[in-house]
Structures are given as structure tokens and as C-alpha cells.
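Below is the file model-v8.pdb, which contains PDB, C-alpha atoms.
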ATOM      1  CA  MET A  10       5.059  12.160 -12.180  1.00  0.00           C
ATOM      2  CA  THR A  11       3.262  11.232  -9.004  1.00  0.00           C
ATOM      3  CA  LEU A  12       3.170   8.080  -6.903  1.00  0.00           C
ATOM      4  CA  PHE A  13      -0.193   6.303  -6.732  1.00  0.00           C
ATOM      5  CA  MET A  14      -1.425   3.488  -4.511  1.00  0.00           C
ATOM      6  CA  ASP A  15      -4.361   1.556  -5.888  1.00  0.00           C
ATOM      7  CA  VAL A  16      -6.449  -1.124  -4.260  1.00  0.00           C
ATOM      8  CA  HIS A  17      -8.233  -4.121  -5.784  1.00  0.00           C
ATOM      9  CA  ARG A  18     -10.782  -6.068  -3.760  1.00  0.00           C
ATOM     10  CA  GLY A  19     -12.474  -9.410  -4.366  1.00  0.00           C
ATOM     11  CA  MET A  20      -9.252 -11.233  -5.329  1.00  0.00           C
ATOM     12  CA  THR A  21      -9.789 -13.912  -2.681  1.00  0.00           C
ATOM     13  CA  GLY A  22      -7.513 -16.894  -3.188  1.00  0.00           C
ATOM     14  CA  ILE A  23      -5.103 -15.089  -5.545  1.00  0.00           C
ATOM     15  CA  THR A  24      -1.871 -17.086  -5.982  1.00  0.00           C
ATOM     16  CA  ALA A  25       1.701 -15.885  -6.428  1.00  0.00           C
ATOM     17  CA  ASP A  26       1.525 -16.927 -10.107  1.00  0.00           C
ATOM     18  CA  GLN A  27      -1.703 -15.001 -10.664  1.00  0.00           C
ATOM     19  CA  LEU A  28      -0.267 -11.888  -9.000  1.00  0.00           C
ATOM     20  CA  MET A  29       2.819 -12.143 -11.193  1.00  0.00           C
ATOM     21  CA  ALA A  30       0.709 -12.647 -14.342  1.00  0.00           C
ATOM     22  CA  ALA A  31      -1.465  -9.620 -13.521  1.00  0.00           C
ATOM     23  CA  HIS A  32       1.618  -7.490 -12.840  1.00  0.00           C
ATOM     24  CA  GLN A  33       3.228  -8.635 -16.118  1.00  0.00           C
ATOM     25  CA  ALA A  34       0.025  -7.727 -17.992  1.00  0.00           C
ATOM     26  CA  ASP A  35       0.313  -4.197 -16.590  1.00  0.00           C
ATOM     27  CA  LEU A  36       4.035  -3.949 -17.375  1.00  0.00           C
ATOM     28  CA  ALA A  37       3.460  -5.061 -20.969  1.00  0.00           C
ATOM     29  CA  ILE A  38       1.375  -1.977 -21.816  1.00  0.00           C
ATOM     30  CA  GLU A  39       2.180   0.592 -19.097  1.00  0.00           C
ATOM     31  CA  ALA A  40       4.571   2.624 -21.274  1.00  0.00           C
ATOM     32  CA  GLU A  41       1.702   3.589 -23.581  1.00  0.00           C
ATOM     33  CA  GLU A  42       0.313   5.742 -20.735  1.00  0.00           C
ATOM     34  CA  HIS A  43       3.706   6.683 -19.236  1.00  0.00           C
ATOM     35  CA  VAL A  44       2.858   4.649 -16.113  1.00  0.00           C
ATOM     36  CA  HIS A  45       5.242   2.384 -14.219  1.00  0.00           C
ATOM     37  CA  PHE A  46       3.958  -0.210 -11.770  1.00  0.00           C
ATOM     38  CA  LYS A  47       6.718  -0.511  -9.181  1.00  0.00           C
ATOM     39  CA  GLN A  48       5.435  -3.022  -6.623  1.00  0.00           C
ATOM     40  CA  ALA A  49       2.316  -4.983  -5.696  1.00  0.00           C
ATOM     41  CA  TRP A  50       1.268  -6.815  -2.537  1.00  0.00           C
ATOM     42  CA  ALA A  51      -1.573  -9.288  -2.098  1.00  0.00           C
ATOM     43  CA  ASP A  52      -3.621 -10.704   0.762  1.00  0.00           C
ATOM     44  CA  PRO A  53      -5.241 -13.872  -0.644  1.00  0.00           C
ATOM     45  CA  GLU A  54      -7.366 -14.285   2.477  1.00  0.00           C
ATOM     46  CA  SER A  55      -9.280 -10.991   2.228  1.00  0.00           C
ATOM     47  CA  GLY A  56      -8.731 -10.727  -1.534  1.00  0.00           C
ATOM     48  CA  THR A  57      -7.027  -7.333  -1.318  1.00  0.00           C
ATOM     49  CA  VAL A  58      -4.245  -6.279  -3.698  1.00  0.00           C
ATOM     50  CA  TYR A  59      -2.260  -3.034  -3.384  1.00  0.00           C
ATOM     51  CA  CYS A  60      -0.277  -1.639  -6.342  1.00  0.00           C
ATOM     52  CA  LEU A  61       2.267   1.169  -6.149  1.00  0.00           C
ATOM     53  CA  SER A  62       2.862   3.039  -9.384  1.00  0.00           C
ATOM     54  CA  GLU A  63       4.411   6.188 -10.764  1.00  0.00           C
ATOM     55  CA  ALA A  64       2.144   7.874 -13.291  1.00  0.00           C
ATOM     56  CA  PRO A  65       1.056  11.183 -14.815  1.00  0.00           C
ATOM     57  CA  SER A  66      -2.510  10.801 -13.459  1.00  0.00           C
ATOM     58  CA  ARG A  67      -4.971   8.538 -11.674  1.00  0.00           C
ATOM     59  CA  ASP A  68      -6.811   8.043 -14.982  1.00  0.00           C
ATOM     60  CA  ALA A  69      -3.643   6.780 -16.655  1.00  0.00           C
ATOM     61  CA  VAL A  70      -3.233   4.180 -13.874  1.00  0.00           C
ATOM     62  CA  GLN A  71      -6.837   3.063 -14.295  1.00  0.00           C
ATOM     63  CA  ARG A  72      -6.619   2.883 -18.100  1.00  0.00           C
ATOM     64  CA  ILE A  73      -3.702   0.443 -17.876  1.00  0.00           C
ATOM     65  CA  HIS A  74      -5.380  -1.661 -15.179  1.00  0.00           C
ATOM     66  CA  GLU A  75      -8.637  -1.710 -17.181  1.00  0.00           C
ATOM     67  CA  ARG A  76      -6.943  -2.755 -20.419  1.00  0.00           C
ATOM     68  CA  ALA A  77      -5.023  -5.434 -18.502  1.00  0.00           C
ATOM     69  CA  GLY A  78      -8.335  -6.817 -17.255  1.00  0.00           C
ATOM     70  CA  HIS A  79      -8.331  -5.744 -13.625  1.00  0.00           C
ATOM     71  CA  MET A  80      -9.791  -2.307 -12.841  1.00  0.00           C
ATOM     72  CA  ALA A  81      -8.839  -0.842  -9.461  1.00  0.00           C
ATOM     73  CA  ASP A  82     -11.520  -0.200  -6.843  1.00  0.00           C
ATOM     74  CA  GLU A  83      -9.638   2.763  -5.345  1.00  0.00           C
ATOM     75  CA  ILE A  84      -6.729   4.868  -6.582  1.00  0.00           C
ATOM     76  CA  HIS A  85      -5.021   7.448  -4.389  1.00  0.00           C
ATOM     77  CA  ALA A  86      -2.208   9.805  -5.262  1.00  0.00           C
ATOM     78  CA  VAL A  87       0.380   9.410  -2.481  1.00  0.00           C
ATOM     79  CA  PRO A  88       2.640  12.438  -2.913  1.00  0.00           C
ATOM     80  CA  LEU A  89       4.100  11.956   0.593  1.00  0.00           C
ATOM     81  CA  SER A  90       6.243   8.983   1.519  1.00  0.00           C
ATOM     82  CA  VAL A  91       8.845   7.944   4.071  1.00  0.00           C
TER      83      VAL A  91
ATOM     84  CA  MET B   6       7.823 -12.795   9.874  1.00  0.00           C
ATOM     85  CA  THR B   7       5.139 -11.634   7.486  1.00  0.00           C
ATOM     86  CA  LEU B   8       4.615  -8.454   5.483  1.00  0.00           C
ATOM     87  CA  PHE B   9       1.592  -6.371   6.473  1.00  0.00           C
ATOM     88  CA  MET B  10      -0.082  -3.427   4.771  1.00  0.00           C
ATOM     89  CA  ASP B  11      -2.140  -1.240   7.065  1.00  0.00           C
ATOM     90  CA  VAL B  12      -4.415   1.650   6.237  1.00  0.00           C
ATOM     91  CA  HIS B  13      -5.244   4.783   8.240  1.00  0.00           C
ATOM     92  CA  ARG B  14      -8.162   6.990   7.197  1.00  0.00           C
ATOM     93  CA  GLY B  15      -9.203  10.453   8.303  1.00  0.00           C
ATOM     94  CA  MET B  16      -5.702  11.957   8.050  1.00  0.00           C
ATOM     95  CA  THR B  17      -6.859  14.722   5.710  1.00  0.00           C
ATOM     96  CA  GLY B  18      -4.280  17.472   5.335  1.00  0.00           C
ATOM     97  CA  ILE B  19      -1.381  15.415   6.717  1.00  0.00           C
ATOM     98  CA  THR B  20       1.962  17.072   5.958  1.00  0.00           C
ATOM     99  CA  ALA B  21       5.336  15.547   5.138  1.00  0.00           C
ATOM    100  CA  ASP B  22       6.557  16.531   8.627  1.00  0.00           C
ATOM    101  CA  GLN B  23       3.565  14.914  10.315  1.00  0.00           C
ATOM    102  CA  LEU B  24       4.028  11.706   8.314  1.00  0.00           C
ATOM    103  CA  MET B  25       7.701  11.637   9.275  1.00  0.00           C
ATOM    104  CA  ALA B  26       6.897  12.286  12.957  1.00  0.00           C
ATOM    105  CA  ALA B  27       4.284   9.489  13.007  1.00  0.00           C
ATOM    106  CA  HIS B  28       6.711   7.099  11.324  1.00  0.00           C
ATOM    107  CA  GLN B  29       9.468   8.017  13.806  1.00  0.00           C
ATOM    108  CA  ALA B  30       7.060   7.395  16.710  1.00  0.00           C
ATOM    109  CA  ASP B  31       6.509   3.864  15.361  1.00  0.00           C
ATOM    110  CA  LEU B  32      10.224   3.257  14.798  1.00  0.00           C
ATOM    111  CA  ALA B  33      11.049   4.375  18.340  1.00  0.00           C
ATOM    112  CA  ILE B  34       9.115   1.476  19.904  1.00  0.00           C
ATOM    113  CA  GLU B  35       8.675  -1.107  17.124  1.00  0.00           C
ATOM    114  CA  ALA B  36      11.478  -3.395  18.364  1.00  0.00           C
ATOM    115  CA  GLU B  37       9.516  -4.118  21.537  1.00  0.00           C
ATOM    116  CA  GLU B  38       7.039  -6.086  19.401  1.00  0.00           C
ATOM    117  CA  HIS B  39       9.588  -7.306  16.820  1.00  0.00           C
ATOM    118  CA  VAL B  40       7.890  -5.158  14.175  1.00  0.00           C
ATOM    119  CA  HIS B  41       9.654  -3.106  11.518  1.00  0.00           C
ATOM    120  CA  PHE B  42       7.843  -0.366   9.631  1.00  0.00           C
ATOM    121  CA  LYS B  43       9.537  -0.280   6.245  1.00  0.00           C
ATOM    122  CA  GLN B  44       7.676   2.389   4.258  1.00  0.00           C
ATOM    123  CA  ALA B  45       4.630   4.637   4.435  1.00  0.00           C
ATOM    124  CA  TRP B  46       2.719   6.607   1.809  1.00  0.00           C
ATOM    125  CA  ALA B  47       0.148   9.356   2.364  1.00  0.00           C
ATOM    126  CA  ASP B  48      -2.622  11.006   0.370  1.00  0.00           C
ATOM    127  CA  PRO B  49      -3.355  14.283   2.200  1.00  0.00           C
ATOM    128  CA  GLU B  50      -6.396  14.948   0.003  1.00  0.00           C
ATOM    129  CA  SER B  51      -8.404  11.838   0.975  1.00  0.00           C
ATOM    130  CA  GLY B  52      -6.596  11.476   4.314  1.00  0.00           C
ATOM    131  CA  THR B  53      -5.399   7.935   3.573  1.00  0.00           C
ATOM    132  CA  VAL B  54      -2.068   6.587   4.844  1.00  0.00           C
ATOM    133  CA  TYR B  55      -0.629   3.179   3.918  1.00  0.00           C
ATOM    134  CA  CYS B  56       2.118   1.549   6.012  1.00  0.00           C
ATOM    135  CA  LEU B  57       4.167  -1.476   4.982  1.00  0.00           C
ATOM    136  CA  SER B  58       5.663  -3.454   7.834  1.00  0.00           C
ATOM    137  CA  GLU B  59       7.309  -6.753   8.646  1.00  0.00           C
ATOM    138  CA  ALA B  60       5.932  -8.267  11.829  1.00  0.00           C
ATOM    139  CA  PRO B  61       5.127 -11.477  13.699  1.00  0.00           C
ATOM    140  CA  SER B  62       1.380 -10.740  13.683  1.00  0.00           C
ATOM    141  CA  ARG B  63      -1.327  -8.238  12.839  1.00  0.00           C
ATOM    142  CA  ASP B  64      -1.837  -7.618  16.560  1.00  0.00           C
ATOM    143  CA  ALA B  65       1.821  -6.685  16.989  1.00  0.00           C
ATOM    144  CA  VAL B  66       1.479  -4.094  14.209  1.00  0.00           C
ATOM    145  CA  GLN B  67      -1.638  -2.654  15.831  1.00  0.00           C
ATOM    146  CA  ARG B  68      -0.089  -2.544  19.325  1.00  0.00           C
ATOM    147  CA  ILE B  69       2.789  -0.390  18.046  1.00  0.00           C
ATOM    148  CA  HIS B  70       0.469   1.900  16.064  1.00  0.00           C
ATOM    149  CA  GLU B  71      -1.857   2.219  19.064  1.00  0.00           C
ATOM    150  CA  ARG B  72       0.949   3.047  21.504  1.00  0.00           C
ATOM    151  CA  ALA B  73       2.337   5.570  18.995  1.00  0.00           C
ATOM    152  CA  GLY B  74      -1.065   7.282  18.968  1.00  0.00           C
ATOM    153  CA  HIS B  75      -2.444   6.278  15.578  1.00  0.00           C
ATOM    154  CA  MET B  76      -4.394   3.010  15.410  1.00  0.00           C
ATOM    155  CA  ALA B  77      -4.826   1.512  11.948  1.00  0.00           C
ATOM    156  CA  ASP B  78      -8.305   1.159  10.445  1.00  0.00           C
ATOM    157  CA  GLU B  79      -7.369  -1.939   8.441  1.00  0.00           C
ATOM    158  CA  ILE B  80      -4.411  -4.323   8.613  1.00  0.00           C
ATOM    159  CA  HIS B  81      -3.844  -7.029   5.997  1.00  0.00           C
ATOM    160  CA  ALA B  82      -1.140  -9.651   5.866  1.00  0.00           C
ATOM    161  CA  VAL B  83       0.337  -9.438   2.345  1.00  0.00           C
ATOM    162  CA  PRO B  84       2.308 -12.669   2.009  1.00  0.00           C
ATOM    163  CA  LEU B  85       2.491 -12.276  -1.790  1.00  0.00           C
ATOM    164  CA  SER B  86       4.432  -9.490  -3.463  1.00  0.00           C
ATOM    165  CA  VAL B  87       6.055  -8.673  -6.785  1.00  0.00           C
TER     166      VAL B  87
END
Rewrite the structure from the file as C-alpha cells, please.
Amino acid sequence: MTLFMDVHRGMTGITADQLMAAHQADLAIEAEEHVHFKQAWADPESGTVYCLSEAPSRDAVQRIHERAGHMADEIHAVPLSV
Amino acid sequence: MTLFMDVHRGMTGITADQLMAAHQADLAIEAEEHVHFKQAWADPESGTVYCLSEAPSRDAVQRIHERAGHMADEIHAVPLSV
């Protein structure tokens, strides 16, 4: 399993409730692709959302996000962390 | 204090040791701007590094990164997180 950071853009004005709902939508189906979304951070002003996940592949991360209704604009494996 | 996510690009080939050294360079001076760098993640393949910090302002984050020798390409306040 690898860590991934993905980025969503265009989420200007996102609220805490909307972020939570989107995260819950991912959590509800993530096991089907052996993905786990660990954390997410949002900047409502620029509309940027970052999600940190553990997953077998970038495609698995995207499949969950797509089925949950919010495809990522960028997904990077982040094998290094401190 | 606010959470910030900043992004560095062009770090292709960064190693675990280099990520640790860069993070330590931030930690060594962060208190002077009341910033704390909490975590960082790197993708050596695309050369992207993400840093999560707690800070009084975006400028404070950038001043520490600049003095440590690695200015960020993007810095977003991320007041929402799950």
C-alpha cells in the first residue's frame, strides 16, 4: 500500500458539512477498492481540497472518488513523508 | 492560528534524507515566525512536495520556507479538515 495525495479544484465556497459529506461518501465505498481516505483539508476561498489516502494504486483512488461524485484533478503517490 | 497546505514543485528525485533535511531546516527556525510544520509528503517522480503547517499567516509560512532555502510555489489556508 502506498500513500497518495490528491487535489480537487473548483470547490470554491465548500463548507465543513460539505467536506464531511464528501469524505463520508468516499469512506462508504472505499473498502471495495482497498483504499482508505485518512484525512482531507479544504480551502474554501481558492476551492482547493487535498485528500490523503492509503491505496494499492492511483487508479483505485480515482475510482472511489469518481463513484462518490468528485473526481480528483491530480493524484500523486507520496512514498516519502516526515 | 490557521492550518496551511503548501506545495513545492520541481523537486524531482528528492530522497527521504533530503526531505528530512529540508523539514529540519524549517523546524530549526520556525518558532521565529510562530509557525509549526507538522507533516510533509513527497512524490519524487513528479517532484511535488506538500507541507502541512500551523501558522499565523501565509506570509509567515513563506518567510520560513524562503529562509530555509525552499520557497513554496503555492500556499493555501485550509481552515476545514476531516
Discussion item. Just checking: using all atoms listed in the file, which residue out of B:Ile80, B:Ile69, B:Leu85, B:Leu32 ends up closest to His13 of chain B?
Written reply: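 Closest residue, counting all atoms listed in the file: B:Ile80.
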Item to complete: Name the residues in contact with Glu38 of chain B at a cut-off of 9 Å, using all atoms listed in the file, excluding same-chain residues fewer than 5 positions from it; report them as JSON, numbers by chain.
Response: {"B": [60, 61, 65, 66, 68, 69]}
Worksheet item: When the PyMOL selection byres ((chain A) within 7 of (chain B)) is applied to the file above, which residues end up in the set, as a list in words?
Response: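 When the PyMOL selection byres ((chain A) within 7 of (chain B)) is applied, the selected residues are Ala25, Met29, Gln48, Ala49, Trp50, Ala51, Asp52, His85, Ala86, Val87, Pro88, Leu89, Ser90 and Val91 of chain A.
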Worksheet entry | Atom-to-atom span, atom CA of His79 of chain A and atom CA of Ser62 of chain A, Å | 14.8 Å
Worksheet entry | For Gly78 of chain A: contacts at 10 Å, all atoms listed in the file, fewer than 3 positions along chain excluded, given as a PyMOL selection string | chain A and resi 31+34-35+72-75+81
Where does chain A end up after superposition onto chain B over all in-order Cα pairs? Give it as a compact mmCIF listing (two decimals) with C-alpha atoms, in the coordinates of the input.
# COMPACT_ATOMS: atom_id res chain seq x y z
CA MET A 10 7.85 -12.78 9.84
CA THR A 11 5.15 -11.64 7.48
CA LEU A 12 4.62 -8.46 5.49
CA PHE A 13 1.59 -6.37 6.48
CA MET A 14 -0.07 -3.42 4.79
CA ASP A 15 -2.14 -1.24 7.07
CA VAL A 16 -4.41 1.65 6.23
CA HIS A 17 -5.25 4.78 8.23
CA ARG A 18 -8.16 6.99 7.20
CA GLY A 19 -9.20 10.47 8.30
CA MET A 20 -5.69 11.96 8.04
CA THR A 21 -6.87 14.72 5.70
CA GLY A 22 -4.29 17.47 5.33
CA ILE A 23 -1.39 15.41 6.72
CA THR A 24 1.96 17.08 5.96
CA ALA A 25 5.33 15.54 5.14
CA ASP A 26 6.56 16.54 8.63
CA GLN A 27 3.57 14.91 10.32
CA LEU A 28 4.03 11.71 8.31
CA MET A 29 7.70 11.63 9.28
CA ALA A 30 6.88 12.28 12.96
CA ALA A 31 4.28 9.49 13.01
CA HIS A 32 6.72 7.09 11.32
CA GLN A 33 9.48 8.02 13.81
CA ALA A 34 7.06 7.39 16.70
CA ASP A 35 6.51 3.87 15.35
CA LEU A 36 10.23 3.26 14.78
CA ALA A 37 11.06 4.36 18.33
CA ILE A 38 9.12 1.47 19.91
CA GLU A 39 8.68 -1.11 17.13
CA ALA A 40 11.48 -3.40 18.36
CA GLU A 41 9.53 -4.13 21.54
CA GLU A 42 7.03 -6.09 19.41
CA HIS A 43 9.58 -7.32 16.83
CA VAL A 44 7.88 -5.17 14.17
CA HIS A 45 9.65 -3.10 11.52
CA PHE A 46 7.84 -0.36 9.63
CA LYS A 47 9.53 -0.28 6.23
CA GLN A 48 7.67 2.38 4.24
CA ALA A 49 4.63 4.65 4.43
CA TRP A 50 2.71 6.62 1.81
CA ALA A 51 0.14 9.36 2.35
CA ASP A 52 -2.63 11.01 0.37
CA PRO A 53 -3.35 14.29 2.20
CA GLU A 54 -6.39 14.95 0.02
CA SER A 55 -8.39 11.85 0.98
CA GLY A 56 -6.59 11.47 4.31
CA THR A 57 -5.39 7.94 3.57
CA VAL A 58 -2.07 6.59 4.84
CA TYR A 59 -0.63 3.17 3.91
CA CYS A 60 2.12 1.55 6.01
CA LEU A 61 4.16 -1.48 4.98
CA SER A 62 5.68 -3.45 7.84
CA GLU A 63 7.31 -6.76 8.64
CA ALA A 64 5.92 -8.26 11.83
CA PRO A 65 5.13 -11.48 13.70
CA SER A 66 1.37 -10.74 13.67
CA ARG A 67 -1.34 -8.23 12.83
CA ASP A 68 -1.84 -7.62 16.56
CA ALA A 69 1.82 -6.69 16.99
CA VAL A 70 1.47 -4.09 14.20
CA GLN A 71 -1.64 -2.65 15.84
CA ARG A 72 -0.08 -2.55 19.32
CA ILE A 73 2.78 -0.39 18.04
CA HIS A 74 0.47 1.91 16.07
CA GLU A 75 -1.86 2.23 19.09
CA ARG A 76 0.96 3.05 21.51
CA ALA A 77 2.32 5.57 18.99
CA GLY A 78 -1.07 7.28 18.96
CA HIS A 79 -2.44 6.27 15.58
CA MET A 80 -4.40 3.00 15.42
CA ALA A 81 -4.83 1.51 11.95
CA ASP A 82 -8.31 1.17 10.45
CA GLU A 83 -7.36 -1.93 8.44
CA ILE A 84 -4.42 -4.32 8.61
CA HIS A 85 -3.84 -7.02 6.00
CA ALA A 86 -1.13 -9.64 5.87
CA VAL A 87 0.34 -9.45 2.36
CA PRO A 88 2.31 -12.68 2.02
CA LEU A 89 2.49 -12.28 -1.78
CA SER A 90 4.44 -9.51 -3.45
CA VAL A 91 6.07 -8.67 -6.77
Worksheet item: Between A:Ala77, A:Ala30, A:Glu63, A:Ala40, which is the closest to Asp15 of chain A once you count only C-alpha atoms?
Response: A:Glu63
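For the pair atom CA of Arg18 of chain A and atom CA of Phe46 of chain A, the separation is 17.8 Å.
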Could you put an axis-aligned box around every listed atom of segment 38-47 of chain A, padded by 6 Å on each side, and send me its centre and edge lengths in Å to one decimal, as lines of an AutoDock Vina configuration file?
center_x = 3.5
center_y = 2.4
center_z = -16.4
size_x = 18.4
size_y = 20.7
size_z = 26.4
Practice prompt. Just give me the gap between atom CA of Glu37 of chain B and atom CA of Thr7 of chain B in Å, one decimal is fine.
Written response: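 These atoms are spaced 16.5 Å apart.
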